[in-house]
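Shown here: run_18.txt, compact mmCIF, C-alpha atoms.
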```
# COMPACT_ATOMS: atom_id res chain seq x y z
CA MET A 1338 87.71 89.02 138.63
CA SER A 1339 85.81 89.77 135.43
CA ASP A 1340 85.33 93.40 134.50
CA LEU A 1341 81.61 92.74 134.02
CA ALA A 1342 79.28 93.47 136.88
CA VAL A 1343 77.35 90.65 138.54
CA GLN A 1344 73.90 90.14 137.08
CA PRO A 1345 71.04 91.46 139.22
CA THR A 1346 69.22 88.83 141.24
CA ASP A 1347 66.18 90.81 142.33
CA GLY A 1348 64.23 90.08 139.17
CA GLN A 1349 64.92 93.45 137.57
CA VAL A 1350 65.71 93.62 133.87
CA PRO A 1351 69.42 94.47 133.48
CA THR A 1352 70.17 97.78 131.84
CA ALA A 1353 73.27 98.86 129.95
CA ARG A 1354 74.53 100.59 133.07
CA THR A 1355 74.12 97.36 135.08
CA TRP A 1356 76.70 95.58 132.95
CA ILE A 1357 79.41 98.21 133.59
CA SER A 1358 81.58 97.41 136.57
CA PRO A 1359 82.44 100.08 139.17
CA LEU A 1360 86.08 99.95 138.03
CA THR A 1361 85.10 100.68 134.42
CA LYS A 1362 82.85 103.53 135.58
CA ARG A 1363 85.72 105.06 137.54
CA ARG A 1364 88.00 104.82 134.51
CA ILE A 1365 85.41 106.49 132.27
CA GLU A 1366 84.90 109.24 134.83
CA SER A 1367 88.66 109.66 135.15
CA PHE A 1368 88.95 109.98 131.37
CA LYS A 1369 86.19 112.61 131.28
CA ARG A 1370 87.89 114.60 134.04
CA ASN A 1371 90.82 115.09 131.68
CA LYS A 1372 89.08 117.82 129.70
CA ARG A 1373 91.84 118.17 127.14
CA GLY A 1374 91.80 114.48 126.25
CA TYR A 1375 88.01 114.20 126.44
CA TRP A 1376 87.40 117.10 124.06
CA SER A 1377 90.23 115.95 121.81
CA LEU A 1378 88.40 112.64 121.38
CA ILE A 1379 85.15 114.44 120.56
CA VAL A 1380 86.80 116.81 118.07
CA LEU A 1381 88.83 114.09 116.33
CA SER A 1382 85.82 111.75 116.19
CA PHE A 1383 83.66 114.52 114.73
CA PHE A 1384 86.08 115.31 111.91
CA PHE A 1385 86.73 111.64 111.20
CA VAL A 1386 83.01 110.85 110.93
CA LEU A 1387 82.64 113.96 108.76
CA SER A 1388 85.42 112.77 106.48
CA LEU A 1389 83.63 109.44 105.98
CA PHE A 1390 81.03 111.46 104.05
CA ALA A 1391 83.65 113.38 102.04
CA GLU A 1392 81.73 112.76 98.80
CA PHE A 1393 78.86 114.86 100.22
CA ILE A 1394 81.24 117.69 101.11
CA ALA A 1395 83.65 117.91 98.18
CA ASN A 1396 82.73 116.45 94.80
CA ASP A 1397 82.59 117.44 91.13
CA ARG A 1398 79.34 115.50 90.79
CA PRO A 1399 76.31 117.11 92.45
CA ILE A 1400 74.30 115.35 95.12
CA LEU A 1401 70.98 115.64 93.31
CA VAL A 1402 69.71 116.86 89.94
CA HIS A 1403 66.04 117.58 89.23
CA TYR A 1404 65.37 117.79 85.51
CA ASP A 1405 62.10 117.70 83.61
CA GLY A 1406 60.24 116.21 86.56
CA ASN A 1407 62.80 113.45 87.20
CA PHE A 1408 65.39 113.09 89.95
CA TYR A 1409 68.95 111.96 89.23
CA PHE A 1410 71.79 111.09 91.59
CA PRO A 1411 75.04 111.84 89.73
CA MET A 1412 77.17 110.61 92.64
CA TYR A 1413 75.91 107.09 92.01
CA GLN A 1414 74.89 107.28 88.34
CA ARG A 1415 76.80 108.03 85.17
CA ILE A 1416 74.29 110.14 83.28
CA PRO A 1417 75.00 111.12 79.64
CA GLU A 1418 74.75 114.75 78.62
CA THR A 1419 72.01 113.88 76.15
CA THR A 1420 69.68 113.20 79.10
CA PHE A 1421 69.71 116.95 79.81
CA GLY A 1422 69.33 117.99 76.17
CA GLY A 1423 73.02 118.09 75.30
CA PHE A 1424 74.78 116.77 72.22
CA PHE A 1425 77.35 114.36 73.68
CA PRO A 1426 76.54 110.75 74.73
CA THR A 1427 79.38 110.83 77.26
CA GLU A 1428 78.89 111.57 80.96
CA ALA A 1429 77.76 115.11 81.69
CA GLU A 1430 80.39 117.54 82.94
CA TYR A 1431 78.33 119.23 85.64
CA ARG A 1432 80.89 121.93 86.37
CA GLU A 1433 80.66 123.27 82.81
CA LYS A 1434 78.39 126.29 82.48
CA GLU A 1435 76.71 124.93 79.33
CA VAL A 1436 75.57 121.78 81.17
CA GLN A 1437 74.41 123.80 84.17
CA ASP A 1438 72.37 126.07 81.89
CA LEU A 1439 70.75 123.06 80.22
CA ILE A 1440 69.70 121.59 83.57
CA GLU A 1441 68.48 124.90 85.04
CA GLU A 1442 66.20 125.44 82.06
CA LYS A 1443 63.98 122.60 83.29
CA GLY A 1444 65.17 121.95 86.85
CA TRP A 1445 67.82 122.60 89.46
CA ILE A 1446 71.08 121.23 90.91
CA LEU A 1447 71.95 120.51 94.56
CA TRP A 1448 75.72 120.91 94.97
CA GLN A 1449 78.17 120.05 97.74
CA PRO A 1450 79.82 122.96 99.62
CA ILE A 1451 83.01 122.31 97.58
CA ARG A 1452 82.47 121.61 93.90
CA TYR A 1453 85.76 119.75 93.51
CA SER A 1454 86.79 116.20 94.25
CA PHE A 1455 90.35 115.31 95.24
CA ASP A 1456 91.31 114.64 91.60
CA THR A 1457 89.36 117.46 89.93
CA ILE A 1458 91.60 119.91 88.08
CA ASN A 1459 90.74 123.58 87.76
CA PHE A 1460 91.86 124.52 84.24
CA GLN A 1461 90.79 128.14 84.62
CA ARG A 1462 93.80 129.26 86.70
CA GLU A 1463 97.58 128.97 86.74
CA HIS A 1464 98.82 126.62 89.42
CA PRO A 1465 99.55 126.50 92.26
CA ALA A 1466 96.88 129.14 92.76
CA SER A 1467 96.23 131.16 95.89
CA PRO A 1468 93.04 130.75 97.98
CA THR A 1469 89.82 132.24 96.60
CA TRP A 1470 86.11 131.77 97.27
CA GLU A 1471 86.13 129.01 94.64
CA ASN A 1472 89.20 127.27 96.04
CA ILE A 1473 89.17 128.23 99.71
CA LEU A 1474 92.62 126.72 100.39
CA GLY A 1475 94.01 127.29 96.92
CA THR A 1476 95.18 124.68 94.44
CA ASP A 1477 98.30 122.52 94.28
CA GLU A 1478 100.85 122.07 91.52
CA SER A 1479 98.48 119.93 89.45
CA GLY A 1480 95.52 122.29 89.81
CA ARG A 1481 93.66 120.14 92.34
CA ASP A 1482 91.65 121.78 95.10
CA VAL A 1483 93.64 121.68 98.36
CA ALA A 1484 90.56 121.69 100.61
CA ALA A 1485 89.16 118.61 98.87
CA ASN A 1486 92.53 116.86 99.09
CA VAL A 1487 92.76 117.64 102.82
CA ILE A 1488 89.33 116.09 103.49
CA TYR A 1489 89.98 112.94 101.47
CA GLY A 1490 93.61 112.71 102.61
CA PHE A 1491 92.60 112.99 106.27
CA ARG A 1492 90.10 110.16 105.79
CA ILE A 1493 92.73 107.89 104.23
CA ALA A 1494 95.27 108.71 106.96
CA MET A 1495 92.79 107.97 109.75
CA LEU A 1496 91.52 104.74 108.18
CA PHE A 1497 95.09 103.63 107.51
CA GLY A 1498 96.07 104.39 111.11
CA ILE A 1499 93.05 102.60 112.58
CA VAL A 1500 93.48 99.47 110.44
CA LEU A 1501 97.26 99.31 110.95
CA THR A 1502 96.90 99.85 114.71
CA GLY A 1503 94.28 97.11 114.94
CA LEU A 1504 96.25 94.54 112.93
CA SER A 1505 99.59 95.31 114.57
CA SER A 1506 97.93 95.12 118.01
CA ILE A 1507 96.51 91.66 117.29
CA ILE A 1508 99.90 90.34 116.14
CA GLY A 1509 101.85 92.14 118.87
CA ILE A 1510 99.53 90.97 121.66
CA ALA A 1511 99.61 87.37 120.42
CA ALA A 1512 103.43 87.37 120.14
CA GLY A 1513 103.88 89.00 123.54
CA ALA A 1514 101.43 86.56 125.13
CA VAL A 1515 103.29 83.53 123.79
CA GLN A 1516 106.63 84.95 124.92
CA GLY A 1517 105.54 85.87 128.41
CA TYR A 1518 103.38 82.85 129.13
CA PHE A 1519 105.79 80.09 128.08
CA GLY A 1520 109.02 81.91 128.93
CA GLY A 1521 112.26 79.93 128.81
CA TRP A 1522 113.65 79.13 125.38
CA VAL A 1523 110.51 80.37 123.65
CA ASP A 1524 110.93 83.79 125.22
CA LEU A 1525 114.68 83.81 124.58
CA ILE A 1526 114.39 82.96 120.88
CA PHE A 1527 111.51 85.37 120.31
CA GLN A 1528 113.36 88.15 122.08
CA ARG A 1529 116.53 87.71 120.01
CA VAL A 1530 114.50 87.70 116.77
CA ILE A 1531 112.66 90.86 117.81
CA GLU A 1532 115.89 92.62 118.78
CA ILE A 1533 117.44 91.82 115.41
CA TRP A 1534 114.31 92.81 113.50
CA ALA A 1535 113.88 96.03 115.50
CA GLY A 1536 117.50 96.96 114.72
CA MET A 1537 116.83 96.96 110.98
CA PRO A 1538 116.81 100.40 109.28
CA ARG A 1539 113.05 100.39 108.86
CA LEU A 1540 112.69 103.56 106.80
CA PHE A 1541 115.38 102.52 104.32
CA LEU A 1542 113.85 99.07 103.90
CA LEU A 1543 110.42 100.59 103.35
CA ILE A 1544 111.78 103.01 100.76
CA ILE A 1545 113.56 100.19 98.91
CA LEU A 1546 110.47 97.95 98.90
CA ALA A 1547 108.15 100.83 97.95
CA SER A 1548 110.43 101.82 95.06
CA ILE A 1549 110.50 98.25 93.70
CA LEU A 1550 106.78 97.55 94.08
CA THR A 1551 103.83 99.69 93.01
CA PRO A 1552 102.60 101.41 96.19
CA SER A 1553 98.96 100.98 97.16
CA PHE A 1554 96.90 101.20 100.33
CA LEU A 1555 97.03 97.45 100.97
CA LEU A 1556 100.71 97.11 100.04
CA LEU A 1557 101.80 99.92 102.35
CA LEU A 1558 99.58 98.46 105.07
CA PHE A 1559 101.39 95.13 104.72
CA LEU A 1560 104.88 96.68 104.57
CA LEU A 1561 104.33 98.81 107.67
CA LEU A 1562 102.65 95.93 109.50
CA ILE A 1563 105.92 93.98 109.19
CA PHE A 1564 107.47 96.44 111.64
CA GLU A 1565 104.60 98.03 113.59
CA TRP A 1566 103.53 94.82 115.36
CA MET A 1567 106.58 95.04 117.65
CA ALA A 1568 105.24 98.16 119.39
CA LEU A 1569 103.15 96.23 121.93
CA VAL A 1570 105.16 93.03 122.31
CA GLY A 1571 107.26 94.29 125.22
CA VAL A 1572 104.27 95.56 127.20
CA VAL A 1573 102.25 92.34 126.82
CA ARG A 1574 105.28 90.14 127.45
CA ALA A 1575 106.05 91.93 130.72
CA GLU A 1576 102.46 91.55 131.94
CA PHE A 1577 102.39 87.84 131.10
CA LEU A 1578 105.75 87.26 132.79
CA ARG A 1579 104.33 88.98 135.88
CA THR A 1580 101.09 87.01 136.03
CA ARG A 1581 102.11 83.57 134.71
CA ASN A 1582 102.96 82.33 138.21
CA PHE A 1583 99.91 83.76 140.00
CA GLU A 1584 97.87 81.31 142.06
CA TYR A 1585 94.83 81.31 139.76
CA VAL A 1586 97.04 80.51 136.76
CA ARG A 1587 98.67 77.60 138.59
CA ALA A 1588 95.27 76.37 139.70
CA ALA A 1589 93.95 76.47 136.13
CA ARG A 1590 96.96 74.49 134.93
CA SER A 1591 96.51 71.87 137.63
CA LEU A 1592 92.87 71.48 136.59
CA GLY A 1593 93.95 70.72 133.03
CA VAL A 1594 92.73 73.93 131.44
CA LYS A 1595 94.26 74.46 128.00
CA ASP A 1596 97.13 76.94 127.76
CA SER A 1597 95.31 78.93 125.07
CA VAL A 1598 92.28 79.34 127.37
CA ILE A 1599 94.43 80.45 130.29
CA MET A 1600 96.39 82.89 128.12
CA PHE A 1601 93.55 84.67 126.39
CA ARG A 1602 90.67 84.29 128.84
CA HIS A 1603 92.37 84.67 132.21
CA VAL A 1604 95.75 86.36 131.76
CA LEU A 1605 95.15 88.60 128.74
CA PRO A 1606 92.48 90.81 130.41
CA ASN A 1607 95.08 91.84 133.01
CA ALA A 1608 97.59 92.65 130.26
CA MET A 1609 95.06 94.71 128.30
CA THR A 1610 95.04 97.40 130.96
CA ALA A 1611 98.58 98.42 130.08
CA THR A 1612 98.11 97.67 126.38
CA LEU A 1613 95.15 100.01 125.86
CA THR A 1614 97.16 102.99 127.07
CA PHE A 1615 99.62 102.48 124.20
CA LEU A 1616 97.08 102.22 121.35
CA PRO A 1617 96.71 105.99 120.65
CA PHE A 1618 100.50 106.28 120.43
CA VAL A 1619 100.70 103.26 118.10
CA MET A 1620 98.17 105.01 115.87
CA ILE A 1621 100.32 108.15 115.92
CA GLY A 1622 103.25 106.10 114.66
CA SER A 1623 101.09 104.54 111.93
CA ILE A 1624 99.84 107.89 110.60
CA THR A 1625 103.32 109.42 110.84
CA ALA A 1626 104.84 106.52 108.89
CA LEU A 1627 102.31 106.87 106.06
CA THR A 1628 102.72 110.66 105.93
CA SER A 1629 106.51 110.34 105.89
CA LEU A 1630 106.48 107.88 102.99
CA ASP A 1631 104.07 110.11 101.06
CA PHE A 1632 106.28 113.13 101.78
CA LEU A 1633 109.33 111.29 100.41
CA GLY A 1634 107.40 110.17 97.32
CA PHE A 1635 107.31 106.47 98.21
CA GLY A 1636 103.80 106.33 99.62
CA LEU A 1637 100.38 106.18 98.01
CA GLN A 1638 99.99 106.53 94.27
CA ASP A 1639 99.99 110.09 92.92
CA GLU A 1640 96.32 109.97 91.92
CA LEU A 1641 95.25 109.34 95.55
CA PRO A 1642 94.85 112.18 98.08
CA SER A 1643 97.61 112.39 100.66
CA LEU A 1644 98.55 114.72 103.51
CA GLY A 1645 102.21 113.85 102.95
CA ASP A 1646 101.97 114.91 99.31
CA ILE A 1647 100.56 118.30 100.38
CA LEU A 1648 103.56 118.71 102.72
CA ARG A 1649 105.95 117.73 99.94
CA GLN A 1650 104.44 120.28 97.56
CA GLY A 1651 104.53 122.87 100.33
CA LYS A 1652 108.27 122.29 100.73
CA SER A 1653 108.82 122.59 96.98
CA ASN A 1654 106.74 125.80 96.75
CA ILE A 1655 107.53 127.41 100.07
CA GLY A 1656 108.21 130.76 98.39
CA ASN A 1657 105.43 131.05 95.81
CA ALA A 1658 102.71 128.90 97.44
CA PRO A 1659 103.05 129.08 101.25
CA TRP A 1660 99.42 128.02 101.75
CA LEU A 1661 100.33 124.45 100.76
CA GLY A 1662 102.92 124.01 103.50
CA ILE A 1663 100.85 125.84 106.12
CA THR A 1664 97.74 123.77 105.38
CA GLY A 1665 99.56 120.44 105.38
CA PHE A 1666 101.50 121.25 108.55
CA LEU A 1667 98.44 122.41 110.49
CA VAL A 1668 96.32 119.37 109.54
CA VAL A 1669 99.04 116.86 110.45
CA ALA A 1670 100.10 118.73 113.61
CA ILE A 1671 96.54 119.11 114.91
CA THR A 1672 95.68 115.46 114.17
CA LEU A 1673 98.75 114.12 115.96
CA SER A 1674 98.30 116.56 118.87
CA LEU A 1675 94.71 115.42 119.40
CA LEU A 1676 95.86 111.79 119.42
CA ILE A 1677 98.58 112.62 121.97
CA PHE A 1678 96.03 114.31 124.25
CA ILE A 1679 93.71 111.29 123.92
CA GLY A 1680 96.60 108.95 124.72
CA GLU A 1681 97.51 110.93 127.83
CA ALA A 1682 93.89 110.86 129.02
CA VAL A 1683 93.64 107.09 128.46
CA ARG A 1684 96.90 106.56 130.32
CA ASP A 1685 95.65 108.61 133.28
CA ALA A 1686 92.32 106.77 133.26
CA PHE A 1687 94.09 103.41 133.65
CA ASP A 1688 96.54 104.70 136.24
CA PRO A 1689 95.37 103.16 139.56
CA ARG A 1690 96.69 106.15 141.51
CA LYS A 1691 94.36 108.44 139.58
CA THR A 1692 91.49 106.03 138.93
CA PHE A 1693 90.63 105.81 142.60
CA GLN A 1694 91.28 109.45 143.27
CA THR A 1695 88.12 111.24 144.31
CA GLU A 1696 87.18 114.55 142.83
CA SER A 1697 88.31 117.38 144.99
```
Once you've parsed the file, please lay out its structure as structure tokens.
Amino acid sequence: MSDLAVQPTDGQVPTARTWISPLTKRRIESFKRNKRGYWSLIVLSFFFVLSLFAEFIANDRPILVHYDGNFYFPMYQRIPETTFGGFFPTEAEYREKEVQDLIEEKGWILWQPIRYSFDTINFQREHPASPTWENILGTDESGRDVAANVIYGFRIAMLFGIVLTGLSSIIGIAAGAVQGYFGGWVDLIFQRVIEIWAGMPRLFLLIILASILTPSFLLLLFLLLIFEWMALVGVVRAEFLRTRNFEYVRAARSLGVKDSVIMFRHVLPNAMTATLTFLPFVMIGSITALTSLDFLGFGLQDELPSLGDILRQGKSNIGNAPWLGITGFLVVAITLSLLIFIGEAVRDAFDPRKTFQTES
């Protein structure tokens, strides 16, 4: 039966709540009862949404400049220093005191809480430098602000994990559906190929490919997708093998319904129940893989922010710059822990023994 509720027949206008089936309501309530998972989702979502606006939190270009009666938006405009009465036609260096004095003579500057971007170098200190009010988490080996790198690096890690989880889920679900639905030689051949491919030394292959090619976000996404799609194949295959001989499937076949329609409209919704419980853990694997490659030096390019790079620098400077290792470890550990708690709550919400359990 479809997970959507039956439309009202008493002439009332359907509301959003009307379209949610009782089973879905019970699952949502079951998820909320798991306080650890529920609050983990809220906390992780809050920081992820916050990171999407990283440019408004950490940037070496101010949000707004008011000068001589005019408003300027340096985050979106490249404004020459001559606009503010300077001598150079190049873009203004807003962090320099001379430029700030020129602007404040006839206006004001609205800055972000952190006046550094992920690639801004602080030339005023020896690096790595310990935390101060200017650099609240210190600086790394290159003189970049660690707090800014954490914010931008967290955003890249989350986006990478979400995109890789989504793409690998689509491929894995499709492959598992074909295997389980058709069975026989199709299932046998697919299963042997997957077993051989899964037995490959994934990390070594990724390191070799990343060392030959120039790493980038899209390239690493493609390389990891080659292996990550297998995470859900077994779950979907098992569900399709279980339901392929159900009465409604046989009836649909006898009526001449296309196999693709039966697979993805009638059988797949049943398989998605088990599949959804695995998605947070697939995302954990995606983020961990990216962080590991960055830690080993085969991940994102050096000019891009990376949590793995912070961990690598922390390992190299464990004696003279412990704040690097502590910061990187805490950010990665907390992120993965929150995802684990969310995954456990989702798993409990889809467990029929707990879904139908009444609150005591």
For Ser1367 of chain A: contacts at 8 Å, only C-alpha atoms, fewer than 2 positions along chain excluded, given as a ChimeraX atom specification: /A:1363-1365,1369-1371,1685-1686,1691-1692
Take the residues from that selection and write them out as an mmCIF file, in the coordinates of the input, keeping C-alpha atoms.
```cif
data_model
loop_
_atom_site.group_PDB
_atom_site.id
_atom_site.type_symbol
_atom_site.label_atom_id
_atom_site.label_comp_id
_atom_site.auth_asym_id
_atom_site.auth_seq_id
_atom_site.Cartn_x
_atom_site.Cartn_y
_atom_site.Cartn_z
ATOM 1 C CA ARG A 1363 85.720 105.060 137.540
ATOM 2 C CA ARG A 1364 88.000 104.820 134.510
ATOM 3 C CA ILE A 1365 85.410 106.490 132.270
ATOM 4 C CA LYS A 1369 86.190 112.610 131.280
ATOM 5 C CA ARG A 1370 87.890 114.600 134.040
ATOM 6 C CA ASN A 1371 90.820 115.090 131.680
ATOM 7 C CA ASP A 1685 95.650 108.610 133.280
ATOM 8 C CA ALA A 1686 92.320 106.770 133.260
ATOM 9 C CA LYS A 1691 94.360 108.440 139.580
ATOM 10 C CA THR A 1692 91.490 106.030 138.930
#
```
- request: Identify which of the residues A:Asp1646, A:Glu1565, A:Glu1532, A:Asp1631 lies closest to Val1500 of chain A, counting only C-alpha atoms when measuring atom-to-atom distances.
  value: A:Glu1565
query: Taking all atoms listed in the file into account, which of A:Val1487, A:Leu1673, A:Leu1555, A:Leu1378 comes nearest Phe1618 of chain A?
result: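 So, comparing all the options, the nearest one is A:Leu1673.
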query: Can you tell me, as a list in words, which residues sit within 12 Å of (95.9, 79.3, 127.2) in the file's frame, using all atoms listed in the file?
result: Ala1511, Ala1514, Val1515, Gly1517, Tyr1518, Phe1519, Phe1577, Arg1581, Val1586, Arg1587, Ala1589, Arg1590, Gly1593, Val1594, Lys1595, Asp1596, Ser1597, Val1598, Ile1599, Met1600, Phe1601, Arg1602, His1603, Val1604 and Leu1605 of chain A
task: Choose the residue, out of A:Gly1509, A:Pro1411, A:Pro1659, A:Pro1417, that has the smallest atom-to-atom separation from Val1570 of chain A; count all atoms listed in the file.
output: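 Distance minimum relative to Val1570 of chain A lands on A:Gly1509.
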Pick from A:Ile1446, A:Ala1626, A:Met1495, A:Ile1416, whichever lies nearest to Leu1387 of chain A using all atoms listed in the file: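 Among the listed residues, the smallest separation from Leu1387 of chain A belongs to A:Met1495.
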Counting only C-alpha atoms, the option among A:Arg1398, A:Arg1373, A:Lys1434, A:Arg1492 closest to Pro1450 of chain A: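 Smallest separation from Pro1450 of chain A among the options: A:Arg1398.
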field: Separation of atom CA of Leu1401 of chain A from atom CA of Thr1420 of chain A in Å
entry: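 Separation between atom CA of Thr1420 of chain A and atom CA of Leu1401 of chain A: 14.5 Å.
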Where's the centre, and what are the edge lengths in Å to one decimal, of a box along x, y and z enclosing all listed atoms of segment 1409-1421 of chain A padded 8 Å per side, as JSON?
```
{"center_x": 73.1, "center_y": 112.0, "center_z": 84.4, "size_x": 24.2, "size_y": 25.9, "size_z": 32.5}
```
query: Which of these, A:Gly1656, A:Pro1617, A:Gly1423, A:Pro1642, has the shortest distance to Phe1455 of chain A once you count all atoms listed in the file?
result: A:Pro1642
Distance of atom CA of Ala1429 of chain A from atom CA of Phe1393 of chain A, expressed in Å to one decimal place: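 Between atom CA of Phe1393 of chain A and atom CA of Ala1429 of chain A the gap works out to 18.6 Å.
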query: Do you know which residues are at most 12 Å from Phe1421 of chain A counting all atoms listed in the file, after dropping those on the same chain fewer than 4 positions away, and could you put them as a list in words?
result: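 Surrounding residues, per the criterion: Val1402, His1403, Tyr1404, Asp1405, Gly1406, Asn1407, Phe1408, Tyr1409, Ile1416, Pro1417, Phe1425, Pro1426, Thr1427, Glu1428, Ala1429, Glu1430, Tyr1431, Glu1435, Val1436, Gln1437, Asp1438, Leu1439, Ile1440, Glu1441, Glu1442, Lys1443, Gly1444, Trp1445 and Ile1446 of chain A.
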Selected residues written out, C-alpha atoms, as an mmCIF file, in the frame of the given file:
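Saved result, selection21.cif, follows:
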```cif
data_model
loop_
_atom_site.group_PDB
_atom_site.id
_atom_site.type_symbol
_atom_site.label_atom_id
_atom_site.label_comp_id
_atom_site.auth_asym_id
_atom_site.auth_seq_id
_atom_site.Cartn_x
_atom_site.Cartn_y
_atom_site.Cartn_z
ATOM 1 C CA VAL A 1402 69.710 116.860 89.940
ATOM 2 C CA HIS A 1403 66.040 117.580 89.230
ATOM 3 C CA TYR A 1404 65.370 117.790 85.510
ATOM 4 C CA ASP A 1405 62.100 117.700 83.610
ATOM 5 C CA GLY A 1406 60.240 116.210 86.560
ATOM 6 C CA ASN A 1407 62.800 113.450 87.200
ATOM 7 C CA PHE A 1408 65.390 113.090 89.950
ATOM 8 C CA TYR A 1409 68.950 111.960 89.230
ATOM 9 C CA ILE A 1416 74.290 110.140 83.280
ATOM 10 C CA PRO A 1417 75.000 111.120 79.640
ATOM 11 C CA PHE A 1425 77.350 114.360 73.680
ATOM 12 C CA PRO A 1426 76.540 110.750 74.730
ATOM 13 C CA THR A 1427 79.380 110.830 77.260
ATOM 14 C CA GLU A 1428 78.890 111.570 80.960
ATOM 15 C CA ALA A 1429 77.760 115.110 81.690
ATOM 16 C CA GLU A 1430 80.390 117.540 82.940
ATOM 17 C CA TYR A 1431 78.330 119.230 85.640
ATOM 18 C CA GLU A 1435 76.710 124.930 79.330
ATOM 19 C CA VAL A 1436 75.570 121.780 81.170
ATOM 20 C CA GLN A 1437 74.410 123.800 84.170
ATOM 21 C CA ASP A 1438 72.370 126.070 81.890
ATOM 22 C CA LEU A 1439 70.750 123.060 80.220
ATOM 23 C CA ILE A 1440 69.700 121.590 83.570
ATOM 24 C CA GLU A 1441 68.480 124.900 85.040
ATOM 25 C CA GLU A 1442 66.200 125.440 82.060
ATOM 26 C CA LYS A 1443 63.980 122.600 83.290
ATOM 27 C CA GLY A 1444 65.170 121.950 86.850
ATOM 28 C CA TRP A 1445 67.820 122.600 89.460
ATOM 29 C CA ILE A 1446 71.080 121.230 90.910
#
```
d(atom CA of Ala1466 of chain A, atom CA of Glu1478 of chain A) in Å: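 These two atoms are separated by 8.2 Å.
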Give as a PDB file with C-alpha atoms, keeping the file's coordinate frame the set of residues within 6 Å of the point (100.0, 124.9, 97.2), where distances use the file's coordinates and all atoms listed in the file.
```pdb
ATOM      1  CA  PRO A1465      99.550 126.500  92.260  1.00  0.00           C
ATOM      2  CA  THR A1476      95.180 124.680  94.440  1.00  0.00           C
ATOM      3  CA  ASP A1477      98.300 122.520  94.280  1.00  0.00           C
ATOM      4  CA  GLY A1651     104.530 122.870 100.330  1.00  0.00           C
ATOM      5  CA  ALA A1658     102.710 128.900  97.440  1.00  0.00           C
ATOM      6  CA  TRP A1660      99.420 128.020 101.750  1.00  0.00           C
ATOM      7  CA  LEU A1661     100.330 124.450 100.760  1.00  0.00           C
TER       8      LEU A1661
END
```
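Shell of Leu1630 of chain A at 8 Å, with only C-alpha atoms counted and residues fewer than 5 places along the chain excluded, is Ile1544, Phe1635, Gly1636 and Gly1645 of chain A.
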